[in-house]
Structure formats: C-alpha cells, structure tokens
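The structure appears right after this line, and notes come after that.
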Amino acid sequence: MTKFSKLALCALVIGASVFTSCSDDDETPAAPEKPSIYARLGGTTMVADPDNPGQMIEQGRLSYRKVVNSTVGLIVADVQSGASGNLGAHFSPVLTEVGAGNTTNLAILVDNLTDFFSFNTGGTNPVNTYSGLDMVNAHNPATNPRMGVKSTNANYDKFVGYVGAAAVANGVPANSELFADVVVVLESLRAPIVQQ
C-alpha cells in the first residue's frame with residue numbers, strides 16, 4: 001500500500017469515528033433534573049405568613065414549618081395521653097419548660113428543625129441556613145441539654161411515623177413521590193441520630 005493510500009485510509013477511519021461519535025441519533029437525551037423537595041413544597045415563592053400577619057415567607061419554608069409544628073403536636077399529644085412508645089423521655093427537658101410556661105427552647109427547636117430540613121432539601125436563601133449542632137451532637141443529651149435520652153431504632157421509627165402523619169395532614173399524600181423522597185431524607189439521618 002502506498003504512503004498516500006495509508007494516510008487516506010487513516011483519515012477515513014478517523015473521520016468516520018468523529019462523525020459517528022458526534023451523531024445525535026445515538027445519544028439519549030438527558031432526563032430533566034427533578035426539582036428539589038424544597039421546590040416541590042413551594043420553593044421560594046413568597047406567600048403571606050399565617051403566623052405573622054403582614055410578613056411574607058417562602059412557601060417551601062412555610063410547608064416545612066407546618067409539618068414541624070404538626071409533628072411536635074403529635075408528639076405532645078402522645079406524651080399527654082401516655083401512648084405506648086411516646087417520645088416524652090427524649091423531649092422531657094423542653095416539655096418540662098413548656099409545662100412551666102417557658103416556650104423559648106421549643107421555639108428554638110421548631111426553628112432549628114425548619115432550618116435543617118429547608119436547607120438540606122434545597123432551600124438556598126439565607127433564611128434557610130442551619131447553624132445548629134450536627135446530628136450526632138444534637139441527639140446526644142451530653143452535648144444537647146434539650147435532649148432527655150438517646151434514641152433507639154424504635155424511637156426513630158416512631159419519629160418518622162409522626163413526620164409522615166404530619167406531612168399527610170399538611171397535604172403531602174402518603175403514596176406520592178414527594179412523600180417517598182421525604183422518607184429517604186429521614187432514613188439518611190437514622191445512623192447519626194440512633195445512638196442506642
């Protein structure tokens with residue numbers, strides 16, 4: 001084979017591979033990125049804050065705050081009724097304060113939970129910045145005086161159940177992809193939270 005024909009053959013092979021690899025026919029279009037949980041809960045759309053007349057709040061943050069408040073309500077109702085497996089021992093320091101009329105640490109807990117979930121599921125605005133303890137220290141009574149005892153898997157299952165019931169009560173259907181995604185986030189936190 002002559003030098004010219006070898007060069008021509010190489011050029012043909014290289015050219016064919018370039019055109020084949022650049023062909024749009026073989027490429028699968030990228031799936032659109034799924035919006036964050038925060039975005040699916042309303043995201044950064046500003047709405048009137050029902051708890052603070054005259055103020056606005058991001059819909060995503062409001063959605064989380066509603067779920068957090070409902071979760072706290074369910075926990076307290078179970079504690080007050082003496083329901084089996086209730087989380088009273090975990091929140092006894094805060095519940096004792098609330099019983100004495102001091103709701104300061106309860107408000108901090110609600111704000112911290114709202115910040116944590118908003119920030120970690122797509123809330124990017126500064127209002128959603130979480131500056132609390134990491135999950136290990138937040139759930140260890142030795143490093144967090146608002147915690148009464150360490151959690152077991154059964155305690156955490158109970159908590160996930162409360163959050164699920166609160167989510168459903170606030171318009172997130174239990175059989176929805178959004179609900180399943182929230183459960184995935186909660187399960188990702190199990191290891192650092194469960195310390196017994």
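Identifiers for the structure tokens are assigned positionally: chains receive A, B, ... in sequence, residues are indexed from 1 per chain, and ligands are indexed from 1 in the order shown.
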* To do: Please identify all polymer residues within 10 Å of region 75-83 of chain A, counting only C-alpha atoms, omitting same-chain residues fewer than 3 positions from it, and present them as a VMD selection string.
  => chain A and resid 69 to 72 86 to 89 91 to 92 95 158 to 159 162 to 163
* Counting only C-alpha atoms, what is within 10 Å of region 33-41 of chain A, bar same-chain residues fewer than 3 positions away, as a PyMOL selection string? -> chain A and resi 30+44-45+58-64+117-124+171-172+177-179+181-182+185
* Asked: So which one's closest to Pro50 (chain A), A:His139, A:Asp157, A:Val98, A:Arg65? Using only C-alpha atoms, please.
  -> A:Arg65
* To do: Determine which residues of chain A receive a DSSP assignment of alpha helix (DSSP H), computed from the backbone, and state them as an MDAnalysis selection string.
  => chainID A and resid 3:21 37:40 59:81 92:99 104:120 135:138 153:169 177:188 190:193
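Separating CA of Ser151 (chain A) from CA of Ala107 (chain A) is a distance of 21.6 Å.
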* **Residue nearest Val127 (chain A) among A:Met56, A:Met147, A:Leu106, A:Val168 (counting only C-alpha atoms)** => A:Met56
* What is the CA of Val184 (chain A) to CA of Met135 (chain A) distance in Å? ->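 Between CA of Val184 (chain A) and CA of Met135 (chain A) the gap works out to 16.1 Å.
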* Filtered DSSP result for region 34-98 of chain A, state strand (DSSP E or B), as a list in words ->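 The residues of region 34-98 of chain A classed as strand (DSSP E or B) are Met46, Val47, Ala48, Met56, Ile57 and Glu58 of chain A.
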Surrounding residues of Asn105 (chain A) excluding itself and chain neighbours under 3 positions, 12 Å, only C-alpha atoms, as a compact mmCIF listing (two decimals) with N, CA and C atoms, in the first residue's frame:
```txt
# COMPACT_ATOMS: atom_id res chain seq x y z
N PHE A 91 -37.84 14.32 74.88
CA PHE A 91 -38.08 15.76 74.90
C PHE A 91 -38.43 16.28 76.29
N SER A 92 -38.15 15.50 77.32
CA SER A 92 -38.55 15.90 78.68
C SER A 92 -38.01 17.26 79.10
N PRO A 93 -36.77 17.65 78.78
CA PRO A 93 -36.33 18.99 79.19
C PRO A 93 -37.19 20.10 78.58
N VAL A 94 -37.50 19.98 77.30
CA VAL A 94 -38.31 21.00 76.63
C VAL A 94 -39.74 20.95 77.15
N LEU A 95 -40.29 19.74 77.29
CA LEU A 95 -41.66 19.61 77.76
C LEU A 95 -41.83 20.14 79.18
N THR A 96 -40.83 19.95 80.02
CA THR A 96 -40.87 20.48 81.38
C THR A 96 -40.90 22.01 81.34
N GLU A 97 -40.08 22.61 80.48
CA GLU A 97 -40.08 24.07 80.34
C GLU A 97 -41.43 24.58 79.85
N VAL A 98 -41.97 23.91 78.82
CA VAL A 98 -43.26 24.34 78.28
C VAL A 98 -44.34 24.22 79.36
N GLY A 101 -44.51 27.13 81.42
CA GLY A 101 -44.84 28.37 80.73
C GLY A 101 -43.72 28.97 79.91
N ASN A 102 -42.57 28.30 79.81
CA ASN A 102 -41.44 28.82 79.04
C ASN A 102 -41.37 28.09 77.70
N ILE A 108 -37.06 27.50 69.60
CA ILE A 108 -35.73 27.28 69.01
C ILE A 108 -35.69 25.92 68.31
N LEU A 109 -36.25 24.90 68.95
CA LEU A 109 -36.29 23.56 68.37
C LEU A 109 -37.05 23.57 67.05
N VAL A 110 -38.21 24.20 67.03
CA VAL A 110 -39.02 24.28 65.80
C VAL A 110 -38.26 25.02 64.71
N ASP A 111 -37.64 26.14 65.06
CA ASP A 111 -36.87 26.91 64.07
C ASP A 111 -35.69 26.10 63.55
N ASN A 112 -34.98 25.41 64.46
CA ASN A 112 -33.83 24.60 64.04
C ASN A 112 -34.25 23.47 63.10
N ASN A 144 -26.36 18.17 74.17
CA ASN A 144 -27.54 18.98 73.90
C ASN A 144 -28.50 18.87 75.08
N PRO A 145 -28.56 19.91 75.91
CA PRO A 145 -29.42 19.85 77.11
C PRO A 145 -30.92 19.80 76.81
N ARG A 146 -31.32 20.00 75.55
CA ARG A 146 -32.74 19.89 75.20
C ARG A 146 -33.15 18.44 74.95
N MET A 147 -32.19 17.51 74.93
CA MET A 147 -32.48 16.09 74.72
C MET A 147 -32.46 15.37 76.06
```
